[in-house]
Every structure is written in structure tokens, then in C-alpha cells.
file work.csv (CSV, C-alpha atoms (C1' of nucleotides))
chain,number,residue,atom,x,y,z
A,1,MET,CA,-142.7,-80.2,40.0
A,2,ARG,CA,-141.4,-81.0,36.5
A,3,ASP,CA,-138.2,-83.0,36.7
A,4,ASP,CA,-137.3,-82.4,33.1
A,5,PHE,CA,-136.2,-78.8,33.5
A,6,ASP,CA,-133.9,-78.1,30.7
A,7,LEU,CA,-132.0,-75.0,29.9
A,8,SER,CA,-134.2,-74.3,26.9
A,9,ASP,CA,-137.2,-74.2,29.3
A,10,PHE,CA,-135.5,-71.4,31.3
A,11,LEU,CA,-136.9,-68.1,30.1
A,12,PRO,CA,-133.7,-66.0,30.4
A,13,TYR,CA,-131.9,-68.6,28.3
A,14,ALA,CA,-134.7,-68.8,25.7
A,15,LEU,CA,-134.9,-65.0,25.5
A,16,ASN,CA,-131.2,-64.8,25.1
A,17,ARG,CA,-131.0,-67.3,22.3
A,18,ALA,CA,-133.7,-65.5,20.4
A,19,ALA,CA,-132.2,-62.1,21.0
A,20,GLU,CA,-128.8,-63.2,20.0
A,21,ARG,CA,-130.0,-64.9,16.9
A,22,THR,CA,-132.0,-62.0,15.6
A,23,GLY,CA,-129.6,-59.3,16.9
A,24,ARG,CA,-126.7,-60.9,15.0
A,25,ASP,CA,-128.7,-61.2,11.9
A,26,PHE,CA,-129.5,-57.6,11.8
A,27,GLU,CA,-126.1,-56.6,13.0
A,28,LYS,CA,-124.8,-57.8,9.6
A,29,ILE,CA,-126.7,-54.9,8.0
A,30,TYR,CA,-125.5,-51.9,10.0
A,31,LYS,CA,-122.1,-53.4,10.5
A,32,GLY,CA,-121.5,-54.5,7.0
A,33,ARG,CA,-123.0,-51.3,5.5
A,34,TYR,CA,-121.7,-48.7,7.8
A,35,GLY,CA,-119.3,-50.4,10.2
A,36,LEU,CA,-121.4,-49.4,13.1
A,37,LEU,CA,-121.4,-51.1,16.5
A,38,ARG,CA,-124.6,-52.2,18.3
A,39,THR,CA,-124.6,-49.3,20.7
A,40,GLU,CA,-123.7,-46.9,17.9
A,41,TRP,CA,-126.7,-48.0,15.9
A,42,ARG,CA,-129.0,-47.6,18.9
A,43,VAL,CA,-127.8,-44.1,19.7
A,44,LEU,CA,-128.1,-43.2,16.0
A,45,PHE,CA,-131.6,-44.6,15.9
A,46,HIS,CA,-132.8,-42.7,19.0
A,47,LEU,CA,-131.4,-39.4,17.6
A,48,GLY,CA,-132.9,-40.0,14.3
A,49,ARG,CA,-136.3,-41.0,15.7
A,50,HIS,CA,-136.6,-38.4,18.5
A,51,GLY,CA,-134.4,-35.5,17.3
A,52,ALA,CA,-131.7,-33.8,19.2
A,53,MET,CA,-131.2,-34.8,22.8
A,54,SER,CA,-128.5,-35.2,25.4
A,55,ALA,CA,-126.5,-38.3,26.1
A,56,ARG,CA,-128.3,-38.5,29.4
A,57,ASP,CA,-131.6,-38.8,27.7
A,58,ILE,CA,-130.3,-41.5,25.4
A,59,CYS,CA,-129.2,-43.4,28.4
A,60,ALA,CA,-132.6,-43.3,30.0
A,61,LEU,CA,-134.5,-44.0,26.8
A,62,ALA,CA,-132.3,-46.9,25.6
A,63,GLY,CA,-131.4,-48.3,29.0
A,64,LEU,CA,-127.7,-48.0,28.2
A,65,HIS,CA,-124.9,-47.2,30.5
A,66,LYS,CA,-123.4,-43.7,30.1
A,67,THR,CA,-119.9,-45.0,29.3
A,68,LYS,CA,-121.3,-47.0,26.4
A,69,VAL,CA,-123.2,-44.0,25.1
A,70,SER,CA,-120.2,-41.7,25.6
A,71,ARG,CA,-118.0,-43.9,23.4
A,72,ALA,CA,-120.7,-44.5,20.9
A,73,VAL,CA,-121.3,-40.7,20.6
A,74,ALA,CA,-117.5,-40.2,20.1
A,75,ALA,CA,-117.5,-42.8,17.4
A,76,LEU,CA,-120.5,-41.3,15.6
A,77,GLU,CA,-119.0,-37.9,15.9
A,78,ALA,CA,-115.7,-39.2,14.4
A,79,ARG,CA,-117.7,-40.5,11.4
A,80,ARG,CA,-119.4,-37.1,11.2
A,81,TYR,CA,-122.8,-38.7,11.8
A,82,LEU,CA,-123.6,-36.3,14.6
A,83,THR,CA,-122.5,-33.0,16.2
A,84,ARG,CA,-122.5,-31.7,19.7
A,85,ALA,CA,-123.7,-28.3,20.9
A,86,GLN,CA,-123.2,-27.1,24.4
A,87,ASP,CA,-126.4,-26.3,26.2
A,88,GLN,CA,-126.3,-22.7,27.1
A,89,ILE,CA,-128.3,-23.1,30.3
A,90,ASP,CA,-126.5,-26.1,31.8
A,91,ARG,CA,-123.0,-26.3,30.4
A,92,ARG,CA,-122.5,-29.8,31.4
A,93,VAL,CA,-125.1,-31.0,28.9
A,94,GLU,CA,-124.3,-31.6,25.3
A,95,LEU,CA,-127.1,-31.5,22.8
A,96,LEU,CA,-126.5,-34.1,20.2
A,97,SER,CA,-128.0,-34.0,16.7
A,98,LEU,CA,-127.5,-36.0,13.6
A,99,THR,CA,-125.7,-34.4,10.6
A,100,ARG,CA,-127.2,-34.7,7.1
A,101,ALA,CA,-125.0,-37.8,6.6
A,102,GLY,CA,-126.2,-39.2,9.9
A,103,ARG,CA,-129.8,-38.7,9.0
A,104,ALA,CA,-129.2,-40.4,5.7
A,105,VAL,CA,-127.8,-43.4,7.5
A,106,PHE,CA,-130.7,-43.4,9.9
A,107,ALA,CA,-133.2,-43.3,7.1
A,108,ASP,CA,-131.6,-46.3,5.4
A,109,LEU,CA,-131.2,-48.4,8.5
A,110,GLU,CA,-134.7,-47.6,9.8
A,111,GLY,CA,-136.0,-48.9,6.5
A,112,GLU,CA,-133.9,-52.0,6.9
A,113,ALA,CA,-135.1,-52.5,10.5
A,114,ARG,CA,-138.7,-52.3,9.5
A,115,ARG,CA,-138.1,-54.7,6.7
A,116,TYR,CA,-136.2,-57.1,8.9
A,117,ASP,CA,-138.9,-56.9,11.6
A,118,ARG,CA,-141.5,-57.8,9.0
A,119,THR,CA,-139.6,-60.9,8.0
A,120,LEU,CA,-139.4,-62.0,11.6
A,121,LEU,CA,-143.1,-61.3,12.2
A,122,ALA,CA,-144.0,-63.1,9.0
A,123,ALA,CA,-143.2,-66.4,10.8
A,124,LEU,CA,-145.8,-65.6,13.5
A,125,SER,CA,-149.5,-65.1,13.5
A,126,GLU,CA,-151.1,-61.7,14.3
A,127,GLY,CA,-152.2,-62.9,17.7
A,128,GLU,CA,-148.9,-64.4,18.6
A,129,VAL,CA,-147.1,-61.2,17.8
A,130,GLU,CA,-149.4,-59.2,20.0
A,131,THR,CA,-148.9,-61.6,22.9
A,132,LEU,CA,-145.2,-61.8,22.3
A,133,ARG,CA,-144.8,-58.0,22.5
A,134,ARG,CA,-146.9,-57.8,25.6
A,135,CYS,CA,-144.8,-60.5,27.3
A,136,LEU,CA,-141.5,-58.9,26.3
A,137,ALA,CA,-142.6,-55.5,27.6
A,138,GLN,CA,-143.7,-57.2,30.8
A,139,LEU,CA,-140.4,-59.1,31.2
A,140,ALA,CA,-138.2,-56.1,30.3
A,141,GLY,CA,-139.6,-54.5,33.4
B,1,MET,CA,-146.8,-48.5,6.7
B,2,ARG,CA,-146.7,-47.3,10.3
B,3,ASP,CA,-144.7,-44.2,10.6
B,4,ASP,CA,-144.3,-44.4,14.4
B,5,PHE,CA,-141.7,-47.2,14.3
B,6,ASP,CA,-139.8,-46.9,17.5
B,7,LEU,CA,-136.9,-49.0,18.7
B,8,SER,CA,-139.1,-50.7,21.2
B,9,ASP,CA,-141.2,-52.0,18.3
B,10,PHE,CA,-138.2,-53.6,16.8
B,11,LEU,CA,-138.2,-57.2,17.8
B,12,PRO,CA,-134.4,-57.7,18.2
B,13,TYR,CA,-134.4,-54.8,20.5
B,14,ALA,CA,-137.4,-55.8,22.5
B,15,LEU,CA,-135.9,-59.3,22.8
B,16,ASN,CA,-132.6,-58.0,23.9
B,17,ARG,CA,-134.1,-55.8,26.6
B,18,ALA,CA,-136.1,-58.7,28.1
B,19,ALA,CA,-133.1,-61.0,27.8
B,20,GLU,CA,-130.8,-58.5,29.4
B,21,ARG,CA,-133.1,-57.7,32.2
B,22,THR,CA,-133.9,-61.3,33.2
B,23,GLY,CA,-130.4,-62.5,32.5
B,24,ARG,CA,-128.8,-59.9,34.7
B,25,ASP,CA,-131.3,-60.6,37.5
B,26,PHE,CA,-130.5,-64.2,37.5
B,27,GLU,CA,-126.8,-63.6,37.1
B,28,LYS,CA,-126.8,-62.0,40.5
B,29,ILE,CA,-127.5,-65.4,41.9
B,30,TYR,CA,-124.8,-67.6,40.3
B,31,LYS,CA,-122.3,-64.8,40.3
B,32,GLY,CA,-122.9,-63.6,43.8
B,33,ARG,CA,-123.1,-67.1,45.2
B,34,TYR,CA,-120.3,-68.9,43.3
B,35,GLY,CA,-118.6,-66.2,41.3
B,36,LEU,CA,-119.6,-67.9,38.0
B,37,LEU,CA,-119.7,-66.3,34.6
B,38,ARG,CA,-122.7,-66.7,32.3
B,39,THR,CA,-121.0,-69.3,30.1
B,40,GLU,CA,-119.6,-71.1,33.1
B,41,TRP,CA,-123.1,-71.4,34.5
B,42,ARG,CA,-124.4,-72.8,31.2
B,43,VAL,CA,-121.7,-75.3,30.8
B,44,LEU,CA,-122.2,-76.4,34.4
B,45,PHE,CA,-125.9,-76.7,33.8
B,46,HIS,CA,-125.6,-78.9,30.8
B,47,LEU,CA,-123.2,-81.2,32.5
B,48,GLY,CA,-125.4,-81.4,35.5
B,49,ARG,CA,-128.5,-82.0,33.5
B,50,HIS,CA,-127.2,-84.4,30.9
B,51,GLY,CA,-124.2,-86.0,32.6
B,52,ALA,CA,-120.7,-86.4,31.3
B,53,MET,CA,-120.1,-85.2,27.8
B,54,SER,CA,-117.5,-83.6,25.6
B,55,ALA,CA,-116.9,-79.9,25.0
B,56,ARG,CA,-118.0,-80.4,21.5
B,57,ASP,CA,-121.4,-81.7,22.6
B,58,ILE,CA,-121.8,-78.8,24.9
B,59,CYS,CA,-121.1,-76.4,22.0
B,60,ALA,CA,-123.8,-78.0,19.9
B,61,LEU,CA,-126.3,-78.3,22.8
B,62,ALA,CA,-125.8,-74.8,24.1
B,63,GLY,CA,-125.1,-73.0,20.9
B,64,LEU,CA,-121.8,-71.7,22.3
B,65,HIS,CA,-118.6,-71.1,20.4
B,66,LYS,CA,-115.8,-73.6,21.3
B,67,THR,CA,-113.5,-70.9,22.6
B,68,LYS,CA,-116.1,-69.8,25.1
B,69,VAL,CA,-116.7,-73.4,26.2
B,70,SER,CA,-112.9,-74.0,26.4
B,71,ARG,CA,-112.4,-71.1,28.7
B,72,ALA,CA,-115.4,-72.0,30.8
B,73,VAL,CA,-114.3,-75.5,31.2
B,74,ALA,CA,-110.8,-74.3,32.3
B,75,ALA,CA,-112.4,-72.0,34.9
B,76,LEU,CA,-114.7,-74.7,36.2
B,77,GLU,CA,-111.8,-77.1,36.4
B,78,ALA,CA,-109.8,-74.6,38.3
B,79,ARG,CA,-112.6,-74.3,40.8
B,80,ARG,CA,-112.7,-78.1,41.0
B,81,TYR,CA,-116.3,-78.2,39.8
B,82,LEU,CA,-115.4,-80.6,37.0
B,83,THR,CA,-112.7,-83.0,35.8
B,84,ARG,CA,-111.6,-84.1,32.4
B,85,ALA,CA,-110.9,-87.7,31.3
B,86,GLN,CA,-109.3,-88.5,28.0
B,87,ASP,CA,-111.5,-90.6,25.7
B,88,GLN,CA,-109.6,-93.8,25.1
B,89,ILE,CA,-111.0,-94.3,21.6
B,90,ASP,CA,-110.5,-90.8,20.3
B,91,ARG,CA,-107.8,-89.1,22.2
B,92,ARG,CA,-108.7,-85.6,21.0
B,93,VAL,CA,-111.9,-85.8,22.9
B,94,GLU,CA,-112.2,-85.0,26.6
B,95,LEU,CA,-115.0,-86.4,28.6
B,96,LEU,CA,-116.1,-83.8,31.1
B,97,SER,CA,-117.9,-84.6,34.3
B,98,LEU,CA,-118.9,-82.7,37.4
B,99,THR,CA,-117.2,-83.4,40.7
B,100,ARG,CA,-119.2,-83.8,43.8
B,101,ALA,CA,-118.8,-80.1,44.5
B,102,GLY,CA,-119.9,-79.3,40.9
B,103,ARG,CA,-123.0,-81.4,41.3
B,104,ALA,CA,-123.8,-79.6,44.5
B,105,VAL,CA,-123.5,-76.2,42.8
B,106,PHE,CA,-125.6,-77.5,40.0
B,107,ALA,CA,-128.3,-78.7,42.3
B,108,ASP,CA,-128.5,-75.4,44.1
B,109,LEU,CA,-128.5,-73.3,40.9
B,110,GLU,CA,-131.0,-75.5,39.1
B,111,GLY,CA,-133.4,-75.0,42.0
B,112,GLU,CA,-132.8,-71.2,41.9
B,113,ALA,CA,-133.4,-71.3,38.1
B,114,ARG,CA,-136.7,-73.0,38.5
B,115,ARG,CA,-137.7,-70.7,41.2
B,116,TYR,CA,-136.7,-67.6,39.2
B,117,ASP,CA,-138.5,-69.0,36.2
B,118,ARG,CA,-141.6,-69.3,38.1
B,119,THR,CA,-141.5,-65.8,39.4
B,120,LEU,CA,-141.1,-64.6,35.8
B,121,LEU,CA,-144.0,-66.8,34.5
B,122,ALA,CA,-146.2,-65.7,37.4
B,123,ALA,CA,-146.6,-62.3,35.7
B,124,LEU,CA,-148.0,-64.0,32.6
B,125,SER,CA,-151.0,-66.1,31.9
B,126,GLU,CA,-150.8,-69.8,31.0
B,127,GLY,CA,-151.7,-69.1,27.4
B,128,GLU,CA,-149.3,-66.3,27.1
B,129,VAL,CA,-146.5,-68.5,28.3
B,130,GLU,CA,-147.2,-71.1,25.8
B,131,THR,CA,-147.3,-68.6,22.9
B,132,LEU,CA,-144.2,-66.9,24.2
B,133,ARG,CA,-142.2,-70.1,24.3
B,134,ARG,CA,-143.4,-71.0,20.8
B,135,CYS,CA,-142.4,-67.6,19.4
B,136,LEU,CA,-139.0,-67.7,21.1
B,137,ALA,CA,-138.2,-71.1,19.7
B,138,GLN,CA,-139.3,-70.0,16.3
B,139,LEU,CA,-137.2,-66.8,16.5
B,140,ALA,CA,-134.1,-68.6,17.9
B,141,GLY,CA,-134.1,-70.5,14.6
C,1,DC,C1',-121.2,-17.1,49.9
C,2,DC,C1',-118.9,-21.3,51.0
C,3,DA,C1',-118.7,-26.2,51.7
C,4,DT,C1',-120.6,-30.3,50.1
C,5,DA,C1',-123.3,-33.3,47.2
C,6,DT,C1',-125.0,-34.4,42.8
C,7,DT,C1',-125.1,-34.7,38.0
C,8,DG,C1',-123.4,-35.0,32.9
C,9,DG,C1',-119.9,-36.8,30.8
C,10,DT,C1',-115.0,-38.8,30.0
C,11,DT,C1',-111.1,-41.8,30.7
C,12,DG,C1',-107.9,-45.8,32.0
C,13,DA,C1',-107.4,-50.3,33.5
C,14,DA,C1',-109.3,-54.9,34.0
C,15,DA,C1',-112.3,-58.3,32.4
C,16,DA,C1',-114.7,-60.6,28.7
C,17,DT,C1',-115.6,-61.7,23.9
C,18,DG,C1',-114.6,-62.6,19.1
C,19,DT,C1',-111.5,-64.0,15.4
C,20,DA,C1',-108.1,-66.4,13.6
C,21,DA,C1',-104.3,-69.1,13.8
C,22,DC,C1',-102.5,-73.0,15.8
C,23,DT,C1',-101.6,-78.1,17.8
C,24,DA,C1',-102.6,-82.7,18.0
C,25,DA,C1',-105.3,-86.6,16.7
C,26,DC,C1',-108.0,-89.0,13.5
C,27,DA,C1',-109.9,-90.2,8.7
C,28,DA,C1',-109.7,-91.1,3.8
C,29,DG,C1',-107.8,-91.7,-0.8
C,30,DG,C1',-104.2,-92.8,-3.4
D,1,DC,C1',-97.6,-95.7,4.3
D,2,DC,C1',-98.1,-90.8,3.1
D,3,DT,C1',-100.4,-86.8,1.7
D,4,DT,C1',-104.4,-84.1,2.4
D,5,DG,C1',-108.4,-82.9,4.9
D,6,DT,C1',-111.2,-82.6,9.1
D,7,DT,C1',-112.1,-82.3,13.9
D,8,DA,C1',-111.4,-81.3,19.2
D,9,DG,C1',-109.6,-78.1,21.7
D,10,DT,C1',-106.2,-74.3,23.0
D,11,DT,C1',-103.9,-70.0,22.6
D,12,DA,C1',-102.7,-65.2,21.1
D,13,DC,C1',-104.3,-60.9,19.8
D,14,DA,C1',-107.7,-57.3,18.8
D,15,DT,C1',-112.0,-55.5,20.0
D,16,DT,C1',-115.7,-54.5,23.4
D,17,DT,C1',-117.6,-54.1,27.8
D,18,DT,C1',-117.4,-53.1,32.6
D,19,DC,C1',-115.9,-50.8,36.7
D,20,DA,C1',-114.1,-47.3,39.2
D,21,DA,C1',-112.1,-43.1,39.5
D,22,DC,C1',-112.2,-38.7,37.7
D,23,DC,C1',-113.3,-33.6,36.0
D,24,DA,C1',-116.2,-29.8,35.5
D,25,DA,C1',-120.7,-27.6,36.2
D,26,DT,C1',-124.7,-27.1,39.0
D,27,DA,C1',-127.6,-27.6,42.9
D,28,DT,C1',-128.3,-27.5,48.0
D,29,DG,C1',-128.0,-26.1,52.7
D,30,DG,C1',-125.9,-23.8,56.4

call {"tool": "encode", "arguments": {"input": "work.csv", "output": "C-alpha cells"}}
result
Amino acid sequence: MRDDFDLSDFLPYALNRAAERTGRDFEKIYKGRYGLLRTEWRVLFHLGRHGAMSARDICALAGLHKTKVSRAVAALEARRYLTRAQDQIDRRVELLSLTRAGRAVFADLEGEARRYDRTLLAALSEGEVETLRRCLAQLAG
Amino acid sequence: MRDDFDLSDFLPYALNRAAERTGRDFEKIYKGRYGLLRTEWRVLFHLGRHGAMSARDICALAGLHKTKVSRAVAALEARRYLTRAQDQIDRRVELLSLTRAGRAVFADLEGEARRYDRTLLAALSEGEVETLRRCLAQLAG
DNA sequence: CCATATTGGTTGAAAATGTAACTAACAAGG
DNA sequence: CCTTGTTAGTTACATTTTCAACCAATATGG
């Protein structure tokens, strides 16, 4: 057994460092430009990408706790980036959809995300990227 | 340009998912066993691994903000896992060292960390692991 | 139907984090 | 010395996150 086990060799730590670094970099964009929080940006993205859906669906898709989604939805609604519509069949459910303004923000941020992603990937080779994605998917469970 | 850009294709998001998943898994161990917080575990680890050092050194080594370290040190001290000694040359500096109890906790958790790391790596091939580590180091900046 | 359980979603309080201002000690230049 | 600047570390306050309790609607089983 290796006896030089350092924290940077510990996968959860290494993952966290990389996630934190890249996450904070990109946060500057959505936070600086629209004052969005991380969870808010994620909810916005899912709605923009997949169209109207319920908070429950977002939870499942994004792996977010319902309280976080609930508050993010309230914040996005207050900014008029989304609207709620009661589902007629199951009145517990609220169908969330982006407003025109919300879609504009999504379009802008999606572009930025792609751009930022490309700058990150530029530092890696094609093969590395493929392996990295596979590993991350595997580790995310 | 790909037009099917989903959040899971976005590297910061994928990294975050993997980091969160593995981090929370391992958190169960140090939290459940010793009631430690993430930052506390990291500080403990660095002291255990590298011996007595100042809070400043830990900040640099672990990439943690000084307020987080300050609070973690206070918590670890309250649990009698570490002690402070004033540096005689520069009295601003406090030399932190683990107590016997602290070292015991470190020894236990270091073993768990290695074990957990191995279970994570078991799902990946040797080559994948090497590439993964290289990518993460690169992305962590 | 009626009682009970489950589900979608919200809320309040407690815990954790981030930010900035602060203290105390050292350092450097006049 | 003495002003000014910097560094180690703490503290106070605002913002976020987490956790548990909660409400209302639906599903289930007698």
C-alpha cells in the first residue's frame, strides 16, 4: 500500500477542487450578468432546455432537493423569468415555463456555457475528454 | 455546433455531480463516526499528514479560506483533537498540532479514505484513472 | 365512502458559508 | 522612533443551505 496518500490523491477531494474552481468561474457570468444563484441557473437551464415541466421533474433531472428548487422557482418567478400554471388533472402540480424574458436569459447563458465549456476542454485532448466524461458519469452514480 | 447541449454535458455541472455524490458518501463516515464537518476533516487530514503547521499553511495547502480554517480549528480544538502553540518568533502565528486523540481519528479516517478511494477506482480502468487525475489537476488550475 | 398513506410543494428555524471589517503583530521607509 | 503597510487570525453580519414540520391534493385499501 502506498504510504504517501495525500489529500490531492483522494478522488472526492480532487473532484471537489475541480468542481469548485470551474463552478466559481462560470458563476461570475450568471451572477454578474443576471444576479442568479447556482440553483436558479440550473432550474432556468432545465426549463429552457426541456420546456415546461413541474418542480418535481426538475428535482429528479437535476438531482436537487425540493426545497432548493422551490426557493429557486420563487426567485425566478419574482424576476419574471418564469410563470406557474396549475395542472388541471393533479392540482398539486405546478407546470413551470419560462417567460420571454426567461428564454432570453437562457439563450444568453446557454451560449456562455457552451463557450466556457469549450475553453475548459481546449486544455485537454479529445481522448482525455471522452475518458473524463465517462469517469464522471460513472462516479456520479 | 452541437445543438443538443444538455447540462450533463457541461463540465462544471458534471464535475459537481461527481464531487457531490462521492463527497457525500464519504461524509457519512467522518460525520457519522466523529461528527466532523467537511472543512474540519480536511484540516485534520493536513495536520495528520504533514505534521504541525500554521493555519496559514493549511489555507495555502488546502485551498481554503482563512475564516473556514479558523472555525474548523476552533471546532477541532473544542473536541480536543488539536492544540495551539504560539510561535515564539512571530507571535501572530499559531502552530497547530494534533493531540493523541486527534492522531487516532486521523489514522482511522485516513484508512477509510484510502479504502473508499479504492472502491471508487475499482469501477475504472488503470488508464482511465490516470487520465482522470491528470484532467482534474488541470481543471483545478 | 372513510381512514390512512403518499406526494407536490412551502415554510421556519438552525446550521454553514461568504464577505467584510476588525485586532494584534510584524515590517519597511523615512 | 513613528507612520504606513502587510499579514495571521478572529468576529460580526448577511446570505445560503439543510432539516424537519407542515399544508393541501391525491391515491389506496378496507

call {"tool": "residues_around", "arguments": {"input": "work.csv", "residues": "C:DG18", "least_positions_apart": "2", "cutoff": "10 Å", "atoms": "all atoms listed in the file", "output": "PyMOL selection string"}}
result
(chain B and resi 65+67-68) or (chain C and resi 16+20) or (chain D and resi 14-16)

call {"tool": "interface_residues", "arguments": {"input": "work.csv", "of": "chain D", "to": "chain B", "cutoff": "12 Å", "atoms": "all atoms listed in the file", "output": "list of chain:residue names"}}
result
D:DT7, D:DA8, D:DG9, D:DT10, D:DT11

call {"tool": "atom_distance", "arguments": {"input": "work.csv", "atom1": "atom C1' of D:DT18", "atom2": "atom CA of A:Leu61"}}
result
20.2 Å

call {"tool": "calpha_fit_and_write", "arguments": {"input": "work.csv", "fixed": "chain B", "moving": "chain A", "output": "compact mmCIF listing (two decimals) with C-alpha atoms, keeping the file's coordinate frame"}}
result
# COMPACT_ATOMS: atom_id res chain seq x y z
CA MET A 1 -146.80 -48.68 6.42
CA ARG A 2 -146.63 -47.50 10.04
CA ASP A 3 -144.63 -44.31 10.31
CA ASP A 4 -144.22 -44.57 14.04
CA PHE A 5 -141.62 -47.32 14.02
CA ASP A 6 -139.79 -47.04 17.21
CA LEU A 7 -136.91 -49.03 18.49
CA SER A 8 -139.09 -50.71 21.09
CA ASP A 9 -141.27 -52.03 18.20
CA PHE A 10 -138.20 -53.74 16.68
CA LEU A 11 -138.22 -57.36 17.78
CA PRO A 12 -134.43 -57.85 18.15
CA TYR A 13 -134.34 -54.79 20.40
CA ALA A 14 -137.37 -55.91 22.46
CA LEU A 15 -135.94 -59.43 22.81
CA ASN A 16 -132.66 -58.01 23.86
CA ARG A 17 -134.07 -55.76 26.52
CA ALA A 18 -136.02 -58.61 28.01
CA ALA A 19 -133.11 -61.00 27.85
CA GLU A 20 -130.76 -58.57 29.38
CA ARG A 21 -133.12 -57.66 32.13
CA THR A 22 -133.86 -61.18 33.20
CA GLY A 23 -130.34 -62.52 32.48
CA ARG A 24 -128.81 -59.88 34.78
CA ASP A 25 -131.27 -60.58 37.46
CA PHE A 26 -130.43 -64.17 37.60
CA GLU A 27 -126.78 -63.56 37.07
CA LYS A 28 -126.76 -62.02 40.58
CA ILE A 29 -127.48 -65.50 41.96
CA TYR A 30 -124.76 -67.62 40.36
CA LYS A 31 -122.31 -64.78 40.39
CA GLY A 32 -122.89 -63.63 43.88
CA ARG A 33 -123.10 -67.21 45.25
CA TYR A 34 -120.41 -68.92 43.35
CA GLY A 35 -118.60 -66.27 41.33
CA LEU A 36 -119.50 -67.99 38.16
CA LEU A 37 -119.62 -66.35 34.73
CA ARG A 38 -122.60 -66.70 32.34
CA THR A 39 -120.91 -69.23 30.13
CA GLU A 40 -119.58 -71.09 33.16
CA TRP A 41 -123.07 -71.47 34.55
CA ARG A 42 -124.39 -72.73 31.21
CA VAL A 43 -121.67 -75.34 30.81
CA LEU A 44 -122.21 -76.39 34.45
CA PHE A 45 -125.93 -76.66 33.86
CA HIS A 46 -125.61 -78.79 30.70
CA LEU A 47 -123.20 -81.20 32.49
CA GLY A 48 -125.37 -81.41 35.44
CA ARG A 49 -128.56 -81.94 33.41
CA HIS A 50 -127.20 -84.33 30.74
CA GLY A 51 -124.21 -86.02 32.45
CA ALA A 52 -120.75 -86.32 31.14
CA MET A 53 -120.09 -85.09 27.64
CA SER A 54 -117.41 -83.47 25.54
CA ALA A 55 -116.86 -79.79 25.04
CA ARG A 56 -117.94 -80.29 21.47
CA ASP A 57 -121.30 -81.51 22.55
CA ILE A 58 -121.73 -78.58 24.90
CA CYS A 59 -121.04 -76.30 22.05
CA ALA A 60 -123.71 -77.82 19.89
CA LEU A 61 -126.27 -78.12 22.66
CA ALA A 62 -125.80 -74.59 24.08
CA GLY A 63 -124.99 -72.83 20.83
CA LEU A 64 -121.74 -71.52 22.28
CA HIS A 65 -118.51 -70.95 20.55
CA LYS A 66 -115.74 -73.46 21.38
CA THR A 67 -113.35 -70.79 22.72
CA LYS A 68 -115.98 -69.69 25.22
CA VAL A 69 -116.59 -73.26 26.32
CA SER A 70 -112.86 -74.01 26.47
CA ARG A 71 -112.26 -71.14 28.91
CA ALA A 72 -115.36 -71.85 30.86
CA VAL A 73 -114.30 -75.54 31.24
CA ALA A 74 -110.81 -74.36 32.43
CA ALA A 75 -112.42 -72.10 34.95
CA LEU A 76 -114.75 -74.81 36.27
CA GLU A 77 -111.90 -77.21 36.41
CA ALA A 78 -109.82 -74.66 38.40
CA ARG A 79 -112.68 -74.45 40.93
CA ARG A 80 -112.75 -78.25 41.00
CA TYR A 81 -116.34 -78.27 39.73
CA LEU A 82 -115.50 -80.69 36.96
CA THR A 83 -112.82 -83.13 35.75
CA ARG A 84 -111.62 -84.20 32.37
CA ALA A 85 -111.00 -87.74 31.15
CA GLN A 86 -109.41 -88.49 27.86
CA ASP A 87 -111.56 -90.55 25.57
CA GLN A 88 -109.76 -93.72 24.88
CA ILE A 89 -111.12 -94.13 21.37
CA ASP A 90 -110.56 -90.60 20.06
CA ARG A 91 -107.80 -88.94 22.04
CA ARG A 92 -108.70 -85.54 20.97
CA VAL A 93 -111.96 -85.67 22.91
CA GLU A 94 -112.16 -84.89 26.56
CA LEU A 95 -115.04 -86.28 28.53
CA LEU A 96 -116.11 -83.76 31.06
CA SER A 97 -118.02 -84.61 34.24
CA LEU A 98 -119.00 -82.69 37.27
CA THR A 99 -117.26 -83.44 40.62
CA ARG A 100 -119.34 -83.93 43.78
CA ALA A 101 -118.83 -80.20 44.50
CA GLY A 102 -119.90 -79.36 40.98
CA ARG A 103 -123.03 -81.40 41.26
CA ALA A 104 -123.83 -79.71 44.52
CA VAL A 105 -123.56 -76.35 42.85
CA PHE A 106 -125.69 -77.53 39.98
CA ALA A 107 -128.36 -78.80 42.30
CA ASP A 108 -128.55 -75.45 44.10
CA LEU A 109 -128.55 -73.29 41.01
CA GLU A 110 -131.06 -75.49 39.16
CA GLY A 111 -133.37 -74.99 42.11
CA GLU A 112 -132.78 -71.27 41.93
CA ALA A 113 -133.41 -71.23 38.15
CA ARG A 114 -136.68 -73.01 38.52
CA ARG A 115 -137.70 -70.68 41.25
CA TYR A 116 -136.66 -67.62 39.30
CA ASP A 117 -138.47 -68.89 36.18
CA ARG A 118 -141.63 -69.29 38.24
CA THR A 119 -141.47 -65.71 39.40
CA LEU A 120 -141.12 -64.52 35.84
CA LEU A 121 -143.98 -66.73 34.63
CA ALA A 122 -146.13 -65.61 37.53
CA ALA A 123 -146.52 -62.23 35.73
CA LEU A 124 -147.99 -64.00 32.66
CA SER A 125 -151.04 -66.05 32.04
CA GLU A 126 -150.84 -69.78 31.14
CA GLY A 127 -151.72 -69.08 27.55
CA GLU A 128 -149.29 -66.26 27.17
CA VAL A 129 -146.46 -68.39 28.43
CA GLU A 130 -147.23 -71.12 25.97
CA THR A 131 -147.31 -68.65 23.08
CA LEU A 132 -144.23 -66.88 24.31
CA ARG A 133 -142.20 -70.12 24.38
CA ARG A 134 -143.41 -71.12 20.97
CA CYS A 135 -142.42 -67.72 19.53
CA LEU A 136 -138.99 -67.76 21.17
CA ALA A 137 -138.26 -71.26 19.87
CA GLN A 138 -139.39 -70.11 16.45
CA LEU A 139 -137.22 -66.95 16.54
CA ALA A 140 -134.14 -68.72 17.96
CA GLY A 141 -134.13 -70.67 14.75

call {"tool": "interface_residues", "arguments": {"input": "work.csv", "of": "chain C", "to": "chain B", "cutoff": "8 Å", "atoms": "only C-alpha atoms (C1' of nucleotides)", "output": "number ranges by chain"}}
result
C: 24-26

call {"tool": "atom_distance", "arguments": {"input": "work.csv", "atom1": "atom CA of B:Gly35", "atom2": "atom CA of B:Arg115"}}
result
19.6 Å

call {"tool": "residues_around", "arguments": {"input": "work.csv", "residues": "C:DA13", "least_positions_apart": "5", "cutoff": "12 Å", "atoms": "all atoms listed in the file", "output": "list in words"}}
result
DT18, DC19, DA20 and DA21 of chain D

call {"tool": "interface_residues", "arguments": {"input": "work.csv", "of": "chain A", "to": "chain B", "cutoff": "8 Å", "atoms": "all atoms listed in the file", "output": "number ranges by chain"}}
result
A: 5-7, 10-23, 45-46, 49, 113-114, 117, 120, 123-124, 128, 131-133, 135-141

call {"tool": "atom_distance", "arguments": {"input": "work.csv", "atom1": "atom CA of A:Asp87", "atom2": "atom CA of A:Asp57"}}
result
13.6 Å

call {"tool": "residues_around", "arguments": {"input": "work.csv", "residues": "B:Val43", "least_positions_apart": "5", "cutoff": "9 Å", "atoms": "all atoms listed in the file", "output": "list in words"}}
result
Arg38, Gly48, Ala55, Ile58, Cys59, Ala62, Val69, Ala72, Val73 and Leu76 of chain B
